[in-house]
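Worksheet for the structure shown next.
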Amino acid sequence: MYGWIWRKLPGNAAIKAAISLLLILGVVYALFQYVFPWAEPLLPFNDVTVDQ
Amino acid sequence: MSVSVRVIVRTFSELCVTVGMVIVLFVVYVVVWTGVRADHAMDGQIDQLQDQWAKGSVPTAPEDPDAEAPPEGSAGPPPQPAYQDGKPFAVMYIPRFGSGWSKPVLEGTKAGTLKKGLGHYDRTAPLGERGNFAVAGHRRTYGDPFKDFPRLRRGDAVVLTDGATWFTYRIANKPYKTLPTDVAVVDPVPEKAGFDGPGRYLTLTTCEPEWGSSHRLIVWAHLDATQPVERGKPAALGR
């Protein structure tokens, strides 16, 4: 999978590495910004009241 | 070994490593990042309050807690200060948690509100008024405001200010473990606290166990002293 992505990236090794780094940063950003905030309320740390 | 089996095994391994990395990142998010964000948000809320108070839009300070009467019809509940949902209206200090511990108190207990500070149960009494001023806070994640909750003891001070008045409450019990359905703990007169009549009470709630949600920890307190902010910080905040 990662080998396939690596081969699809254009340019020489340095450019491929730079693009990879950008891709990784983008994925981490998306996780922290969108996926984790959605997933976190499914865990029990938000239940601090005696409402129900 | 044929090439296709090799590709399947390799892809499967890569997926497993990827899932592992995502889980590690998620733990970092829950344990560290929510705290960073919440600390920032709480500081912002306190700054916002202090700006408001500096501009002079403070609630009117009651001269004496027992002297004030509800202006419109004494049969109704005490007049509600206009707490706006999700907005900060007070700052809480608990010396037991450390001299630097101060958190904003926001109106309401929605999940989004509790990310920015402690949450006042919107059906309970206003700060310093007759009845039960009930506040919930995270024990873990989002800045861990109530991390040291089990260390609270009878006689500990819980100090709040709304910009005009300092309110010093005194805790009446060791943290009491109960079920999430036990809504009676935020009653105007919480009987389990041993309070025997109407008064000016405070209830703090958080989750138990530390990282779980099966139970709640509760402490109760009663209003011990009030003083206008012009007279300086209350003795309970000390040094």
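How things are named: the first chain in the structure tokens is A, the next is B, and so on; residues count from 1 in each chain; ligands count from 1 in the order shown.
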Can I get the residues of region 92-162 of chain B within 10 Å of region 24-36 of chain B, each with the closest pair of atoms and their distance in Å to one decimal, using only C-alpha atoms, sorted chain first then ascending number, as CSV?
residue,atom,partner,partner_atom,distance
B:Lys115,CA,B:Thr34,CA,8.3
B:Arg140,CA,B:Val31,CA,8.1
B:Thr141,CA,B:Val31,CA,5.9
B:Tyr142,CA,B:Gly35,CA,4.4
B:Gly143,CA,B:Gly35,CA,3.9
B:Asp144,CA,B:Gly35,CA,7.0
B:Pro145,CA,B:Gly35,CA,9.4
Next, the residues of the selection above should be written as a tab-separated table (two decimals), in the first residue's frame with N, CA and C atoms.
chain	number	residue	atom	x	y	z
B	115	LYS	N	-16.48	21.86	27.75
B	115	LYS	CA	-15.13	21.91	27.19
B	115	LYS	C	-14.45	23.24	27.49
B	140	ARG	N	-11.40	14.03	33.98
B	140	ARG	CA	-10.32	13.74	33.05
B	140	ARG	C	-10.69	14.28	31.68
B	141	THR	N	-9.69	14.58	30.91
B	141	THR	CA	-9.80	15.21	29.59
B	141	THR	C	-10.33	16.64	29.72
B	142	TYR	N	-10.15	17.40	28.71
B	142	TYR	CA	-10.54	18.81	28.68
B	142	TYR	C	-9.98	19.59	29.86
B	143	GLY	N	-8.69	19.43	30.09
B	143	GLY	CA	-8.03	20.22	31.11
B	143	GLY	C	-8.07	19.62	32.51
B	144	ASP	N	-8.71	18.49	32.66
B	144	ASP	CA	-8.78	17.78	33.95
B	144	ASP	C	-9.17	18.69	35.12
B	145	PRO	N	-10.20	19.56	35.01
B	145	PRO	CA	-10.42	20.52	36.09
B	145	PRO	C	-10.66	19.87	37.46
In region 69-207 of chain B, what's alpha helix (DSSP H) per DSSP? Answer as a PyMOL selection string? chain B and resi 111-114
Compute the set of chain A residues within 6 Å of chain B, using only C-alpha atoms, and express it as a PyMOL selection string. chain A and resi 1+44+47-50+52
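Distance-wise, CA of Phe32 (chain A) and CA of Met21 (chain B) end up 13.1 Å apart.
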Would you list the contacts of region 97-100 of chain B as a PDB file with C-alpha atoms, in the first residue's frame, taking every protein, DNA or RNA residue within 12 Å and counting only C-alpha atoms, but skipping same-chain residues closer than 5 positions in sequence?
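Final output, part_32.pdb:
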ATOM      1  CA  MET B  92     -14.287  29.314  40.967  1.00  0.00           C
ATOM      2  CA  ASP B 144      -8.784  17.780  33.954  1.00  0.00           C
ATOM      3  CA  PRO B 145     -10.422  20.521  36.086  1.00  0.00           C
ATOM      4  CA  PHE B 146     -11.698  18.111  38.773  1.00  0.00           C
ATOM      5  CA  LYS B 147      -8.762  15.691  38.634  1.00  0.00           C
ATOM      6  CA  ASP B 148      -8.137  15.977  42.403  1.00  0.00           C
ATOM      7  CA  PHE B 149     -11.829  15.744  43.329  1.00  0.00           C
ATOM      8  CA  PRO B 150     -11.331  12.753  45.694  1.00  0.00           C
ATOM      9  CA  ARG B 151      -8.957  14.850  47.818  1.00  0.00           C
ATOM     10  CA  LEU B 152     -11.736  17.228  48.870  1.00  0.00           C
ATOM     11  CA  ARG B 153     -12.578  17.048  52.550  1.00  0.00           C
ATOM     12  CA  ASP B 156     -12.473  22.786  52.453  1.00  0.00           C
ATOM     13  CA  ALA B 157     -13.300  26.119  50.899  1.00  0.00           C
ATOM     14  CA  VAL B 158     -14.895  26.592  47.491  1.00  0.00           C
ATOM     15  CA  VAL B 159     -14.629  30.264  46.625  1.00  0.00           C
ATOM     16  CA  ALA B 236     -10.014  31.281  52.434  1.00  0.00           C
ATOM     17  CA  LEU B 237      -7.871  32.189  49.436  1.00  0.00           C
ATOM     18  CA  GLY B 238      -5.135  33.258  51.839  1.00  0.00           C
ATOM     19  CA  ARG B 239      -1.625  34.322  51.030  1.00  0.00           C
TER      20      ARG B 239
END
Name all residues at most 6 Å from region 41-46 of chain B (count only C-alpha atoms; drop same-chain ones fewer than 2 positions away) and give them as JSON, numbers by chain. {"B": [38, 39, 48, 49, 104, 116, 117]}
Would you output that residue set with N, CA, C and O atoms, as a short mmCIF file (atom, residue, chain, number, x, y, z; two decimals), in the first residue's frame?
data_model
loop_
_atom_site.label_atom_id
_atom_site.label_comp_id
_atom_site.auth_asym_id
_atom_site.auth_seq_id
_atom_site.Cartn_x
_atom_site.Cartn_y
_atom_site.Cartn_z
N ALA B 38 -8.58 23.02 26.05
CA ALA B 38 -9.47 23.46 27.14
C ALA B 38 -8.78 24.51 27.99
O ALA B 38 -9.42 25.49 28.40
N ASP B 39 -7.48 24.34 28.27
CA ASP B 39 -6.78 25.35 29.07
C ASP B 39 -6.84 26.70 28.37
O ASP B 39 -7.08 27.73 28.99
N GLN B 48 -12.39 37.01 29.31
CA GLN B 48 -13.64 37.63 28.85
C GLN B 48 -14.44 38.17 30.04
O GLN B 48 -14.95 39.29 30.01
N LEU B 49 -14.50 37.35 31.12
CA LEU B 49 -15.22 37.78 32.32
C LEU B 49 -14.57 39.01 32.92
O LEU B 49 -15.24 39.97 33.30
N PRO B 104 -13.37 29.02 35.06
CA PRO B 104 -14.60 29.75 34.80
C PRO B 104 -15.81 28.83 35.00
O PRO B 104 -15.72 27.62 34.78
N LYS B 116 -15.24 24.24 27.89
CA LYS B 116 -14.69 25.57 28.08
C LYS B 116 -14.63 25.97 29.54
O LYS B 116 -14.20 27.09 29.85
N GLY B 117 -15.08 25.11 30.42
CA GLY B 117 -15.07 25.45 31.83
C GLY B 117 -15.99 24.53 32.60
O GLY B 117 -16.41 23.49 32.10
#
For Gln84 (chain B), work out the shell of residues within 9 Å, counting only C-alpha atoms and skipping chain neighbours fewer than 5 positions away, then give it as an mmCIF file with N, CA, C and O atoms, in the first residue's frame.
data_model
loop_
_atom_site.group_PDB
_atom_site.id
_atom_site.type_symbol
_atom_site.label_atom_id
_atom_site.label_comp_id
_atom_site.auth_asym_id
_atom_site.auth_seq_id
_atom_site.Cartn_x
_atom_site.Cartn_y
_atom_site.Cartn_z
ATOM 1 N N PHE B 89 -20.056 33.250 33.861
ATOM 2 C CA PHE B 89 -20.590 34.284 34.752
ATOM 3 C C PHE B 89 -19.871 34.336 36.092
ATOM 4 O O PHE B 89 -20.142 35.204 36.903
ATOM 5 N N LEU B 106 -19.562 28.322 33.583
ATOM 6 C CA LEU B 106 -20.431 28.693 32.478
ATOM 7 C C LEU B 106 -21.840 28.193 32.742
ATOM 8 O O LEU B 106 -22.040 27.263 33.537
ATOM 9 N N GLU B 107 -22.806 28.803 32.076
ATOM 10 C CA GLU B 107 -24.186 28.395 32.261
ATOM 11 C C GLU B 107 -24.495 27.171 31.400
ATOM 12 O O GLU B 107 -24.247 27.184 30.192
ATOM 13 N N GLY B 108 -25.030 26.141 32.037
ATOM 14 C CA GLY B 108 -25.444 24.951 31.297
ATOM 15 C C GLY B 108 -24.409 23.842 31.399
ATOM 16 O O GLY B 108 -23.257 24.074 31.728
#
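For the atom pair formed by CA of Glu129 (chain B) and CA of Trp166 (chain B), the distance is 12.8 Å, given to one decimal.
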If we count only C-alpha atoms and set the cut-off at 12 Å, which residues sit around Arg154 (chain B), ignoring sequence neighbours fewer than 4 positions away in its own chain? Please answer as a count of residues only. 16
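A straight line drawn from CA of Asp47 (chain B) to CA of Gly163 (chain B) is 12.2 Å long.
Counting only C-alpha atoms, the residue from B:Gln227, B:Thr165, B:Thr18, B:Ser2 that sits nearest to Val28 (chain A) is B:Thr18.
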